[in-house]
file upload_15.txt (compact mmCIF, C-alpha atoms)
# COMPACT_ATOMS: atom_id res chain seq x y z
CA MET A 1 33.49 -157.71 75.30
CA ARG A 2 30.73 -155.43 76.51
CA PHE A 3 30.04 -154.13 80.00
CA PRO A 4 28.71 -156.84 82.33
CA SER A 5 24.91 -156.52 82.32
CA SER A 6 24.53 -155.17 85.85
CA ILE A 7 27.01 -152.34 85.15
CA LYS A 8 25.27 -151.62 81.87
CA LEU A 9 21.92 -151.42 83.65
CA LEU A 10 23.26 -148.96 86.22
CA ILE A 11 24.80 -146.83 83.46
CA GLU A 12 21.43 -146.77 81.67
CA GLU A 13 19.67 -145.64 84.86
CA LEU A 14 22.29 -142.96 85.59
CA LYS A 15 21.96 -141.63 82.04
CA ARG A 16 18.32 -140.79 82.71
CA LEU A 17 19.43 -138.15 85.22
CA PRO A 18 19.59 -134.56 83.93
CA GLY A 19 23.00 -133.47 82.66
CA ILE A 20 24.49 -136.98 82.86
CA GLY A 21 25.67 -138.35 79.52
CA GLU A 22 27.19 -141.71 78.55
CA LYS A 23 30.78 -140.91 79.63
CA ASN A 24 29.69 -139.32 82.88
CA ALA A 25 27.38 -142.24 83.68
CA GLN A 26 30.27 -144.67 83.09
CA ARG A 27 32.50 -142.62 85.36
CA LEU A 28 29.89 -142.61 88.14
CA ALA A 29 29.17 -146.33 87.73
CA PHE A 30 32.86 -147.21 88.01
CA HIS A 31 33.25 -144.91 90.98
CA LEU A 32 30.37 -146.69 92.71
CA LEU A 33 31.85 -150.05 91.74
CA GLY A 34 35.06 -149.05 93.48
CA ALA A 35 33.29 -147.54 96.51
CA SER A 36 32.52 -149.58 99.61
CA THR A 37 29.28 -151.56 99.66
CA GLU A 38 28.16 -149.42 102.62
CA ARG A 39 28.46 -146.22 100.56
CA ALA A 40 26.55 -147.68 97.63
CA GLN A 41 23.87 -149.05 99.95
CA ALA A 42 23.65 -145.67 101.70
CA LEU A 43 23.02 -143.90 98.40
CA ALA A 44 20.43 -146.46 97.28
CA SER A 45 18.56 -146.38 100.56
CA ALA A 46 18.70 -142.55 100.83
CA LEU A 47 17.02 -142.47 97.43
CA VAL A 48 14.31 -144.96 98.35
CA LYS A 49 13.75 -143.32 101.75
CA MET A 50 13.33 -139.88 100.18
CA LYS A 51 10.74 -141.17 97.74
CA GLU A 52 8.88 -142.85 100.59
CA THR A 53 8.88 -140.03 103.11
CA ILE A 54 8.63 -136.77 101.19
CA ARG A 55 5.16 -135.36 100.56
CA HIS A 56 3.58 -131.95 100.16
CA CYS A 57 2.38 -129.81 103.06
CA ASP A 58 -1.43 -129.94 103.34
CA ARG A 59 -1.58 -126.18 103.64
CA CYS A 60 1.11 -124.59 101.47
CA PHE A 61 2.34 -127.55 99.31
CA ASN A 62 5.93 -127.10 100.43
CA LEU A 63 7.97 -130.31 100.83
CA THR A 64 7.66 -132.02 104.18
CA GLU A 65 7.80 -135.39 105.87
CA ASP A 66 4.69 -134.62 107.96
CA GLU A 67 1.19 -133.26 107.47
CA PHE A 68 2.36 -129.65 107.64
CA CYS A 69 5.76 -128.21 106.71
CA GLU A 70 8.30 -126.57 108.97
CA VAL A 71 7.32 -123.07 107.86
CA CYS A 72 3.60 -123.58 108.46
CA LEU A 73 4.31 -125.04 111.91
CA ASP A 74 6.61 -122.17 112.95
CA PRO A 75 4.59 -119.90 115.28
CA SER A 76 7.08 -117.03 114.83
CA ARG A 77 6.16 -116.72 111.16
CA SER A 78 3.78 -113.97 110.16
CA GLY A 79 0.64 -115.48 108.63
CA GLY A 80 -0.41 -112.11 107.26
CA LEU A 81 2.36 -112.10 104.65
CA LEU A 82 2.07 -114.80 101.98
CA CYS A 83 4.70 -115.39 99.33
CA VAL A 84 3.49 -117.26 96.23
CA VAL A 85 6.14 -119.35 94.45
CA GLN A 86 6.13 -121.81 91.56
CA SER A 87 7.94 -124.69 93.25
CA PRO A 88 9.41 -125.89 96.56
CA ARG A 89 12.89 -125.16 95.12
CA ASP A 90 11.98 -121.49 94.75
CA LEU A 91 10.71 -121.51 98.32
CA LEU A 92 14.06 -122.92 99.48
CA ALA A 93 15.88 -120.26 97.45
CA ILE A 94 13.94 -117.48 99.21
CA GLU A 95 14.50 -119.17 102.59
CA GLY A 96 18.19 -119.16 101.72
CA THR A 97 18.19 -115.36 101.85
CA GLY A 98 17.03 -115.44 105.49
CA GLN A 99 15.08 -112.24 104.74
CA PHE A 100 11.52 -113.43 104.62
CA ARG A 101 9.61 -114.25 107.81
CA GLY A 102 6.13 -114.77 106.36
CA ARG A 103 4.52 -117.93 105.04
CA TYR A 104 4.43 -119.43 101.54
CA HIS A 105 2.06 -120.88 99.01
CA VAL A 106 3.50 -123.18 96.36
CA LEU A 107 1.52 -123.12 93.10
CA MET A 108 3.13 -126.35 91.86
CA GLY A 109 3.77 -124.90 88.43
CA VAL A 110 2.88 -121.94 86.22
CA LEU A 111 0.20 -121.25 83.68
CA SER A 112 1.30 -122.50 80.29
CA PRO A 113 -1.19 -122.67 77.42
CA MET A 114 1.58 -124.22 75.31
CA ARG A 115 1.86 -127.19 77.68
CA GLY A 116 -1.85 -127.22 78.46
CA VAL A 117 -1.46 -126.06 82.07
CA GLY A 118 -4.46 -124.02 83.24
CA PRO A 119 -5.38 -122.50 86.64
CA GLU A 120 -7.20 -125.70 87.63
CA ASP A 121 -3.88 -127.61 87.34
CA LEU A 122 -2.26 -125.29 89.87
CA LYS A 123 -2.96 -124.67 93.55
CA VAL A 124 -4.80 -121.43 92.75
CA ASN A 125 -8.12 -122.23 94.43
CA GLN A 126 -6.27 -123.26 97.57
CA LEU A 127 -4.49 -119.88 97.47
CA LEU A 128 -7.76 -117.97 97.22
CA GLU A 129 -9.17 -119.98 100.13
CA ARG A 130 -6.12 -119.27 102.27
CA VAL A 131 -6.22 -115.54 101.52
CA ARG A 132 -9.87 -115.55 102.59
CA ASP A 133 -9.49 -117.74 105.69
CA GLU A 134 -6.07 -116.87 107.10
CA LYS A 135 -6.35 -113.08 107.44
CA VAL A 136 -3.68 -112.52 104.81
CA THR A 137 -2.79 -108.83 104.43
CA GLU A 138 -0.25 -109.03 101.60
CA VAL A 139 0.41 -111.54 98.83
CA ILE A 140 3.90 -111.33 97.30
CA VAL A 141 3.88 -112.94 93.86
CA ALA A 142 7.33 -114.47 93.41
CA THR A 143 6.88 -116.46 90.21
CA ASN A 144 9.73 -116.35 87.69
CA LEU A 145 10.34 -113.23 85.62
CA ASP A 146 9.81 -115.10 82.35
CA VAL A 147 6.76 -115.13 80.10
CA GLU A 148 4.93 -117.92 81.93
CA GLY A 149 5.80 -116.55 85.36
CA GLU A 150 4.59 -113.06 84.39
CA ALA A 151 1.38 -114.45 82.88
CA THR A 152 0.73 -116.38 86.09
CA ALA A 153 1.38 -113.26 88.18
CA SER A 154 -1.01 -111.32 86.00
CA TYR A 155 -3.67 -114.03 86.38
CA LEU A 156 -3.27 -114.04 90.17
CA MET A 157 -3.61 -110.25 90.29
CA THR A 158 -6.99 -110.54 88.59
CA ALA A 159 -8.09 -113.51 90.69
CA LEU A 160 -7.13 -111.75 93.94
CA GLY A 161 -8.32 -108.34 92.74
CA SER A 162 -11.72 -108.50 94.38
CA MET A 163 -10.29 -109.45 97.75
CA ASP A 164 -9.22 -107.06 100.47
CA VAL A 165 -5.51 -107.83 100.21
CA LYS A 166 -2.41 -105.97 99.07
CA ILE A 167 -0.72 -107.68 96.08
CA SER A 168 2.96 -107.14 95.30
CA ARG A 169 5.48 -108.53 92.84
CA ILE A 170 9.18 -109.14 93.54
CA ALA A 171 11.36 -106.29 92.27
CA ARG A 172 12.66 -106.35 88.72
CA GLY A 173 16.01 -104.71 88.15
CA ILE A 174 19.74 -105.10 87.67
CA PRO A 175 21.21 -107.96 89.74
CA ILE A 176 23.90 -107.15 92.32
CA GLY A 177 27.27 -107.18 90.56
CA GLY A 178 25.55 -106.71 87.21
CA SER A 179 26.49 -103.97 84.77
CA LEU A 180 24.01 -101.64 83.03
CA GLU A 181 25.88 -102.13 79.79
CA GLN A 182 25.08 -105.84 79.75
CA ALA A 183 21.48 -105.59 81.00
CA ASP A 184 18.74 -106.01 78.41
CA SER A 185 16.75 -102.87 77.68
CA LEU A 186 13.52 -104.27 79.14
CA THR A 187 15.15 -104.95 82.51
CA LEU A 188 16.91 -101.59 82.44
CA GLY A 189 13.61 -99.84 81.67
CA LEU A 190 11.91 -101.62 84.57
CA ALA A 191 14.84 -100.82 86.86
CA ILE A 192 14.42 -97.12 86.09
CA ASP A 193 10.64 -97.29 86.50
CA GLY A 194 11.03 -99.07 89.83
CA ARG A 195 13.70 -96.70 91.19
CA LEU A 196 13.81 -96.19 94.95
CA GLU A 197 14.39 -92.85 96.61
CA LEU A 198 17.64 -92.83 98.52
CA GLN A 199 17.38 -91.56 102.08
CA GLY A 200 20.12 -89.25 103.30
CA PRO A 201 22.25 -88.37 105.19
CA PHE A 202 24.97 -90.11 103.17
CA MET B 1 13.54 -123.69 106.87
CA ARG B 2 16.04 -126.28 105.81
CA PHE B 3 15.67 -129.19 103.43
CA PRO B 4 13.58 -132.01 104.89
CA SER B 5 16.02 -134.52 106.39
CA SER B 6 15.53 -137.27 103.82
CA ILE B 7 16.26 -134.87 100.93
CA LYS B 8 19.27 -133.54 102.81
CA LEU B 9 20.55 -137.07 103.30
CA LEU B 10 20.20 -137.89 99.59
CA ILE B 11 21.98 -134.64 98.66
CA GLU B 12 24.83 -135.57 101.03
CA GLU B 13 25.16 -139.01 99.43
CA LEU B 14 25.05 -137.59 95.89
CA LYS B 15 27.76 -135.07 96.79
CA ARG B 16 30.16 -137.92 97.51
CA LEU B 17 30.12 -138.83 93.83
CA PRO B 18 32.99 -137.48 91.73
CA GLY B 19 32.29 -134.18 89.97
CA ILE B 20 28.99 -133.61 91.80
CA GLY B 21 28.89 -130.46 93.91
CA GLU B 22 26.21 -129.01 96.19
CA LYS B 23 24.14 -127.35 93.44
CA ASN B 24 24.36 -130.35 91.16
CA ALA B 25 23.41 -132.72 93.98
CA GLN B 26 20.35 -130.56 94.76
CA ARG B 27 19.36 -130.58 91.12
CA LEU B 28 19.64 -134.37 90.91
CA ALA B 29 17.77 -134.86 94.20
CA PHE B 30 14.89 -132.66 93.05
CA HIS B 31 14.82 -134.42 89.71
CA LEU B 32 14.53 -137.77 91.48
CA LEU B 33 11.88 -136.34 93.78
CA GLY B 34 9.84 -135.41 90.72
CA ALA B 35 10.51 -138.70 88.92
CA SER B 36 8.21 -141.68 89.25
CA THR B 37 8.76 -144.05 92.16
CA GLU B 38 9.50 -146.81 89.63
CA ARG B 39 12.41 -144.82 88.14
CA ALA B 40 13.90 -144.04 91.53
CA GLN B 41 13.50 -147.66 92.63
CA ALA B 42 15.08 -148.84 89.36
CA LEU B 43 18.14 -146.67 89.97
CA ALA B 44 18.46 -147.77 93.59
CA SER B 45 18.12 -151.45 92.77
CA ALA B 46 20.47 -151.24 89.75
CA LEU B 47 23.07 -149.83 92.13
CA VAL B 48 22.58 -152.53 94.76
CA LYS B 49 22.46 -155.28 92.15
CA MET B 50 25.70 -154.12 90.55
CA LYS B 51 27.48 -154.13 93.91
CA GLU B 52 26.16 -157.62 94.62
CA THR B 53 26.91 -159.26 91.28
CA ILE B 54 30.12 -157.72 89.94
CA ARG B 55 33.38 -159.44 90.84
CA HIS B 56 36.81 -159.89 89.29
CA CYS B 57 37.66 -162.68 86.86
CA ASP B 58 39.68 -165.39 88.61
CA ARG B 59 42.20 -165.44 85.79
CA CYS B 60 42.63 -161.91 84.42
CA PHE B 61 40.87 -159.71 87.07
CA ASN B 62 38.56 -158.16 84.50
CA LEU B 63 35.01 -157.40 85.70
CA THR B 64 32.56 -160.24 85.45
CA GLU B 65 29.44 -161.68 87.02
CA ASP B 66 30.86 -165.21 86.90
CA GLU B 67 34.06 -167.04 87.80
CA PHE B 68 35.73 -166.12 84.51
CA CYS B 69 35.12 -163.09 82.31
CA GLU B 70 33.72 -162.98 78.80
CA VAL B 71 37.17 -162.52 77.23
CA CYS B 72 38.75 -165.45 79.08
CA LEU B 73 35.81 -167.68 78.12
CA ASP B 74 35.93 -166.72 74.43
CA PRO B 75 37.63 -169.62 72.60
CA SER B 76 38.32 -167.43 69.53
CA ARG B 77 40.71 -165.26 71.55
CA SER B 78 44.41 -165.85 71.16
CA GLY B 79 45.92 -166.89 74.48
CA GLY B 80 49.42 -166.27 73.17
CA LEU B 81 48.94 -162.51 73.12
CA LEU B 82 48.47 -160.92 76.55
CA CYS B 83 47.69 -157.23 77.04
CA VAL B 84 48.51 -155.84 80.50
CA VAL B 85 46.32 -152.94 81.64
CA GLN B 86 45.93 -150.97 84.86
CA SER B 87 42.20 -151.28 85.30
CA PRO B 88 39.05 -152.88 83.88
CA ARG B 89 38.13 -149.48 82.41
CA ASP B 90 41.32 -149.51 80.32
CA LEU B 91 40.46 -153.02 79.18
CA LEU B 92 37.02 -151.80 78.07
CA ALA B 93 38.64 -148.87 76.25
CA ILE B 94 40.87 -151.26 74.28
CA GLU B 95 37.90 -153.55 73.59
CA GLY B 96 36.13 -150.48 72.27
CA THR B 97 38.65 -150.28 69.42
CA GLY B 98 37.67 -153.78 68.25
CA GLN B 99 41.31 -154.23 67.18
CA PHE B 100 42.64 -156.58 69.81
CA ARG B 101 41.79 -160.29 69.74
CA GLY B 102 44.14 -161.52 72.45
CA ARG B 103 43.55 -161.82 76.19
CA TYR B 104 44.14 -159.39 79.04
CA HIS B 105 45.67 -159.16 82.47
CA VAL B 106 44.44 -156.40 84.76
CA LEU B 107 47.10 -155.25 87.25
CA MET B 108 44.52 -153.52 89.47
CA GLY B 109 46.64 -150.41 89.79
CA VAL B 110 50.14 -149.09 89.10
CA LEU B 111 53.31 -148.89 91.11
CA SER B 112 53.33 -145.73 93.17
CA PRO B 113 55.94 -145.22 95.87
CA MET B 114 54.19 -141.93 96.73
CA ARG B 115 50.98 -143.75 97.60
CA GLY B 116 52.80 -146.78 99.00
CA VAL B 117 51.75 -149.15 96.20
CA GLY B 118 54.39 -151.83 95.56
CA PRO B 119 54.45 -154.87 93.21
CA GLU B 120 52.90 -157.05 95.94
CA ASP B 121 49.81 -154.82 95.91
CA LEU B 122 49.28 -155.46 92.20
CA LYS B 123 48.49 -158.65 90.28
CA VAL B 124 52.12 -158.99 89.16
CA ASN B 125 52.79 -162.49 90.50
CA GLN B 126 49.62 -163.71 88.84
CA LEU B 127 50.89 -162.20 85.58
CA LEU B 128 54.22 -164.01 85.86
CA GLU B 129 52.40 -167.28 86.57
CA ARG B 130 50.14 -166.82 83.55
CA VAL B 131 53.05 -166.04 81.24
CA ARG B 132 54.71 -169.22 82.46
CA ASP B 133 51.64 -171.48 82.37
CA GLU B 134 49.60 -170.24 79.42
CA LYS B 135 52.18 -170.39 76.59
CA VAL B 136 52.15 -166.60 76.21
CA THR B 137 54.29 -165.46 73.28
CA GLU B 138 53.92 -161.68 73.60
CA VAL B 139 53.06 -159.36 76.49
CA ILE B 140 51.82 -155.91 75.43
CA VAL B 141 52.25 -153.48 78.29
CA ALA B 142 49.38 -150.98 78.01
CA THR B 143 49.72 -149.03 81.24
CA ASN B 144 49.23 -145.27 81.05
CA LEU B 145 51.90 -143.07 79.49
CA ASP B 146 52.38 -141.09 82.71
CA VAL B 147 55.17 -141.41 85.28
CA GLU B 148 53.55 -144.20 87.29
CA GLY B 149 52.46 -146.11 84.19
CA GLU B 150 55.94 -145.89 82.69
CA ALA B 151 57.57 -146.97 85.97
CA THR B 152 55.22 -149.95 86.12
CA ALA B 153 56.01 -150.84 82.49
CA SER B 154 59.71 -150.63 83.27
CA TYR B 155 59.28 -152.87 86.33
CA LEU B 156 57.35 -155.45 84.29
CA MET B 157 60.07 -155.45 81.61
CA THR B 158 62.61 -156.41 84.27
CA ALA B 159 60.32 -158.97 85.93
CA LEU B 160 59.50 -160.64 82.59
CA GLY B 161 63.05 -160.24 81.23
CA SER B 162 64.25 -163.72 82.15
CA MET B 163 61.25 -165.38 80.53
CA ASP B 164 61.05 -166.54 76.96
CA VAL B 165 58.46 -163.98 75.89
CA LYS B 166 58.37 -160.93 73.63
CA ILE B 167 57.55 -157.74 75.52
CA SER B 168 56.08 -154.69 73.78
CA ARG B 169 54.75 -151.32 74.80
CA ILE B 170 51.83 -149.47 73.16
CA ALA B 171 53.04 -146.86 70.67
CA ARG B 172 53.80 -143.35 71.82
CA GLY B 173 53.17 -140.60 69.31
CA ILE B 174 50.93 -137.86 68.05
CA PRO B 175 47.22 -138.66 68.48
CA ILE B 176 45.02 -138.78 65.36
CA GLY B 177 43.79 -135.27 64.61
CA GLY B 178 46.63 -133.82 66.71
CA SER B 179 49.00 -131.18 65.41
CA LEU B 180 52.79 -131.31 65.71
CA GLU B 181 52.80 -127.67 66.75
CA GLN B 182 50.81 -128.44 69.88
CA ALA B 183 52.54 -131.71 70.81
CA ASP B 184 55.04 -131.58 73.67
CA SER B 185 58.65 -132.10 72.64
CA LEU B 186 58.99 -135.42 74.50
CA THR B 187 56.06 -136.93 72.60
CA LEU B 188 57.30 -135.50 69.33
CA GLY B 189 60.79 -136.94 69.95
CA LEU B 190 59.29 -140.37 70.69
CA ALA B 191 57.08 -140.12 67.60
CA ILE B 192 60.15 -139.54 65.44
CA ASP B 193 62.09 -142.34 67.17
CA GLY B 194 59.18 -144.73 66.70
CA ARG B 195 58.61 -143.85 63.04
CA LEU B 196 57.20 -146.55 60.81
CA GLU B 197 58.35 -147.20 57.25
CA LEU B 198 55.58 -146.54 54.77
CA GLN B 199 54.99 -149.33 52.32
CA GLY B 200 54.32 -148.39 48.71
CA PRO B 201 52.80 -148.38 46.16
CA PHE B 202 50.85 -145.28 47.16

call {"tool": "encode", "arguments": {"input": "upload_15.txt", "output": "structure tokens"}}
result
Amino acid sequence: MRFPSSIKLLIEELKRLPGIGEKNAQRLAFHLLGASTERAQALASALVKMKETIRHCDRCFNLTEDEFCEVCLDPSRSGGLLCVVQSPRDLLAIEGTGQFRGRYHVLMGVLSPMRGVGPEDLKVNQLLERVRDEKVTEVIVATNLDVEGEATASYLMTALGSMDVKISRIARGIPIGGSLEQADSLTLGLAIDGRLELQGPF
Amino acid sequence: MRFPSSIKLLIEELKRLPGIGEKNAQRLAFHLLGASTERAQALASALVKMKETIRHCDRCFNLTEDEFCEVCLDPSRSGGLLCVVQSPRDLLAIEGTGQFRGRYHVLMGVLSPMRGVGPEDLKVNQLLERVRDEKVTEVIVATNLDVEGEATASYLMTALGSMDVKISRIARGIPIGGSLEQADSLTLGLAIDGRLELQGPF
């Protein structure tokens, strides 16, 4: 005998999720079969509700359930400091540090000639408008440190070059807990270039 | 800022699934956020539909969407041979071998004094009734080879002892591809005890 069709269907849907293979999908399906109907309903409705309510902030393209996101609506945030990120997940990662009190701009991707993504596919024009209209004093470019992220950063530097705004890039270097021995030579070179003067007394 | 509440809720629900931690739940939630509404709806409705339609077979307690399961309804199956398993998943595992053409009886658990599971919590009485009523000639006890599975097998041997039926237990031994060196001594001892005579010519 095969799986009853409704279990098979659920397994097929679970398998579409990233990192979930056949065995794992079966395990999850049987777990949900054994769980209370309330739990299964709660998961299904949480999923539908999220899809219905989540949208992008009209100003910075962060995730929100309203017109503007929590960060844009927070009056204690400095509007002069704007951090440019690729995705809302990166924004949440930076928020997780609790270190940044400025505002954000989510590009919704990176430049990628390989995948046919150009500046017009990203929220670049909206960024330029905001820098012009919102009295931004510094733009921190926090795209990834990979090829596409660096190319995007480079493009933004040029695009923002003519404007009266300071442009910075997140620091490249050895991660905390990392060893020099295991760092690649490019990172190590950049870490030496970007060295910071230590202030005594020690 | 924190996650918007509807994403947070979905992450919480996903985290209740086995083997899904915080990071993994976030990853899945963001994947679903990026997926089409149709895909998310399909997953949600597959889940609800499964919970609504799946029930246990009235005879053998296998999973089914009808009164009786596919195996019980299959006239080509031998009713004389009854394989006793702990769960529908074990039944599906045996079906996966394609080797067994008898019927099944799902106990819906194993005896476990530690967890307070006694014979009355399992489908033991229903098994005894079936053996009596369905002209069963052999009962294969295919509970797990762990302490609880063995205790359950032992209990069933006693319970079925007075009936005119052959009782067998699935073979214990070295798995295919396994090495004797790595087998535990209990398994190896049982594998020697349960040796089978090879039939020539080779």

call {"tool": "closest_residue", "arguments": {"input": "upload_15.txt", "among": "A:Ile174, A:Val147, A:Leu17, A:Ala153", "to": "chain B", "atoms": "only C-alpha atoms"}}
result
A:Leu17

call {"tool": "residues_near_point", "arguments": {"input": "upload_15.txt", "point": "(8.6, -133.8, 97.4)", "cutoff": "10 Å", "atoms": "all atoms listed in the file", "output": "JSON list (two decimals) with C-alpha atoms, keeping the file's coordinate frame"}}
result
[["chain", "number", "residue", "atom", "x", "y", "z"],
["A", 50, "MET", "CA", 13.33, -139.88, 100.18],
["A", 51, "LYS", "CA", 10.74, -141.17, 97.74],
["A", 52, "GLU", "CA", 8.88, -142.85, 100.59],
["A", 53, "THR", "CA", 8.88, -140.03, 103.11],
["A", 54, "ILE", "CA", 8.63, -136.77, 101.19],
["A", 55, "ARG", "CA", 5.16, -135.36, 100.56],
["A", 56, "HIS", "CA", 3.58, -131.95, 100.16],
["A", 57, "CYS", "CA", 2.38, -129.81, 103.06],
["A", 61, "PHE", "CA", 2.34, -127.55, 99.31],
["A", 62, "ASN", "CA", 5.93, -127.10, 100.43],
["A", 63, "LEU", "CA", 7.97, -130.31, 100.83],
["A", 64, "THR", "CA", 7.66, -132.02, 104.18],
["A", 65, "GLU", "CA", 7.80, -135.39, 105.87],
["A", 88, "PRO", "CA", 9.41, -125.89, 96.56],
["A", 89, "ARG", "CA", 12.89, -125.16, 95.12],
["B", 4, "PRO", "CA", 13.58, -132.01, 104.89],
["B", 7, "ILE", "CA", 16.26, -134.87, 100.93],
["B", 29, "ALA", "CA", 17.77, -134.86, 94.20],
["B", 30, "PHE", "CA", 14.89, -132.66, 93.05],
["B", 31, "HIS", "CA", 14.82, -134.42, 89.71],
["B", 32, "LEU", "CA", 14.53, -137.77, 91.48],
["B", 33, "LEU", "CA", 11.88, -136.34, 93.78],
["B", 34, "GLY", "CA", 9.84, -135.41, 90.72],
["B", 35, "ALA", "CA", 10.51, -138.70, 88.92]]

call {"tool": "atom_distance", "arguments": {"input": "upload_15.txt", "atom1": "atom CA of Ala171 of chain B", "atom2": "atom CA of Gly194 of chain B"}}
result
7.6 Å

call {"tool": "closest_residue", "arguments": {"input": "upload_15.txt", "among": "A:Lys49, A:Lys135, A:Arg172, A:Lys23", "to": "chain B", "atoms": "all atoms listed in the file"}}
result
A:Lys49

call {"tool": "atom_distance", "arguments": {"input": "upload_15.txt", "atom1": "atom CA of Leu9 of chain A", "atom2": "atom CA of Arg27 of chain A"}}
result
13.9 Å

call {"tool": "closest_residue", "arguments": {"input": "upload_15.txt", "among": "B:Asp133, B:Asp74, B:Asp184, B:Asp164", "to": "chain A", "atoms": "only C-alpha atoms"}}
result
B:Asp74

call {"tool": "residues_around", "arguments": {"input": "upload_15.txt", "residues": "Val48 of chain B", "least_positions_apart": "5", "cutoff": "10 Å", "atoms": "only C-alpha atoms", "output": "list in words"}}
result
Ser6, Leu10, Leu32, Thr37, Ala40, Gln41, Ala42, Leu43, Ala44 and Ser45 of chain A; Ala42, Leu43 and Thr53 of chain B

call {"tool": "atom_distance", "arguments": {"input": "upload_15.txt", "atom1": "atom CA of Ile20 of chain B", "atom2": "atom CA of Lys8 of chain B"}}
result
14.7 Å

call {"tool": "closest_residue", "arguments": {"input": "upload_15.txt", "among": "B:Glu22, B:Asp58, B:Glu70, B:Glu150", "to": "chain A", "atoms": "all atoms listed in the file"}}
result
B:Glu70

call {"tool": "residues_around", "arguments": {"input": "upload_15.txt", "residues": "Ala151 of chain B", "least_positions_apart": "5", "cutoff": "10 Å", "atoms": "only C-alpha atoms", "output": "PyMOL selection string"}}
result
chain B and resi 110-112+143-146+156-157

call {"tool": "write_last_selection", "arguments": {"input": "upload_15.txt", "atoms": "C-alpha atoms", "output": "mmCIF file, in the coordinates of the input"}}
result
data_model
loop_
_atom_site.group_PDB
_atom_site.id
_atom_site.type_symbol
_atom_site.label_atom_id
_atom_site.label_comp_id
_atom_site.auth_asym_id
_atom_site.auth_seq_id
_atom_site.Cartn_x
_atom_site.Cartn_y
_atom_site.Cartn_z
ATOM 1 C CA VAL B 110 50.140 -149.090 89.100
ATOM 2 C CA LEU B 111 53.310 -148.890 91.110
ATOM 3 C CA SER B 112 53.330 -145.730 93.170
ATOM 4 C CA THR B 143 49.720 -149.030 81.240
ATOM 5 C CA ASN B 144 49.230 -145.270 81.050
ATOM 6 C CA LEU B 145 51.900 -143.070 79.490
ATOM 7 C CA ASP B 146 52.380 -141.090 82.710
ATOM 8 C CA LEU B 156 57.350 -155.450 84.290
ATOM 9 C CA MET B 157 60.070 -155.450 81.610
#

call {"tool": "residues_around", "arguments": {"input": "upload_15.txt", "residues": "segment 90-98 of chain A", "least_positions_apart": "6", "cutoff": "10 Å", "atoms": "all atoms listed in the file", "output": "number ranges by chain"}}
result
A: 62-63, 71, 83-84, 104-106, 142-144; B: 1-3

call {"tool": "closest_residue", "arguments": {"input": "upload_15.txt", "among": "A:Ala191, A:Leu82, A:Leu14, A:Leu198", "to": "Arg130 of chain A", "atoms": "all atoms listed in the file"}}
result
A:Leu82

call {"tool": "residues_around", "arguments": {"input": "upload_15.txt", "residues": "Glu120 of chain B", "least_positions_apart": "2", "cutoff": "12 Å", "atoms": "all atoms listed in the file", "output": "PDB file with C-alpha atoms, in the coordinates of the input"}}
result
ATOM      1  CA  LEU B 107      47.100-155.250  87.250  1.00  0.00           C
ATOM      2  CA  MET B 108      44.520-153.520  89.470  1.00  0.00           C
ATOM      3  CA  GLY B 109      46.640-150.410  89.790  1.00  0.00           C
ATOM      4  CA  VAL B 110      50.140-149.090  89.100  1.00  0.00           C
ATOM      5  CA  LEU B 111      53.310-148.890  91.110  1.00  0.00           C
ATOM      6  CA  SER B 112      53.330-145.730  93.170  1.00  0.00           C
ATOM      7  CA  GLY B 116      52.800-146.780  99.000  1.00  0.00           C
ATOM      8  CA  VAL B 117      51.750-149.150  96.200  1.00  0.00           C
ATOM      9  CA  GLY B 118      54.390-151.830  95.560  1.00  0.00           C
ATOM     10  CA  LEU B 122      49.280-155.460  92.200  1.00  0.00           C
ATOM     11  CA  LYS B 123      48.490-158.650  90.280  1.00  0.00           C
ATOM     12  CA  VAL B 124      52.120-158.990  89.160  1.00  0.00           C
ATOM     13  CA  ASN B 125      52.790-162.490  90.500  1.00  0.00           C
ATOM     14  CA  GLN B 126      49.620-163.710  88.840  1.00  0.00           C
ATOM     15  CA  LEU B 127      50.890-162.200  85.580  1.00  0.00           C
TER      16      LEU B 127
END

call {"tool": "decode", "arguments": {"input": "upload_15.txt", "residues": "segment 24-28 of chain B", "atoms": "N, CA, C and O atoms", "output": "PDB file, in the first residue's frame"}}
result
ATOM      1  N   ASN B  24      16.199  27.632  11.983  1.00  0.00           N
ATOM      2  CA  ASN B  24      15.554  26.878  10.924  1.00  0.00           C
ATOM      3  C   ASN B  24      14.125  27.376  10.694  1.00  0.00           C
ATOM      4  O   ASN B  24      13.669  27.507   9.555  1.00  0.00           O
ATOM      5  N   ALA B  25      13.427  27.657  11.792  1.00  0.00           N
ATOM      6  CA  ALA B  25      12.054  28.161  11.697  1.00  0.00           C
ATOM      7  C   ALA B  25      12.046  29.518  10.998  1.00  0.00           C
ATOM      8  O   ALA B  25      11.186  29.784  10.156  1.00  0.00           O
ATOM      9  N   GLN B  26      13.012  30.367  11.303  1.00  0.00           N
ATOM     10  CA  GLN B  26      13.111  31.670  10.636  1.00  0.00           C
ATOM     11  C   GLN B  26      13.331  31.482   9.139  1.00  0.00           C
ATOM     12  O   GLN B  26      12.704  32.139   8.316  1.00  0.00           O
ATOM     13  N   ARG B  27      14.232  30.560   8.814  1.00  0.00           N
ATOM     14  CA  ARG B  27      14.558  30.310   7.426  1.00  0.00           C
ATOM     15  C   ARG B  27      13.308  29.850   6.657  1.00  0.00           C
ATOM     16  O   ARG B  27      13.018  30.328   5.557  1.00  0.00           O
ATOM     17  N   LEU B  28      12.566  28.915   7.268  1.00  0.00           N
ATOM     18  CA  LEU B  28      11.356  28.418   6.620  1.00  0.00           C
ATOM     19  C   LEU B  28      10.314  29.527   6.483  1.00  0.00           C
ATOM     20  O   LEU B  28       9.673  29.672   5.443  1.00  0.00           O
TER      21      LEU B  28
END
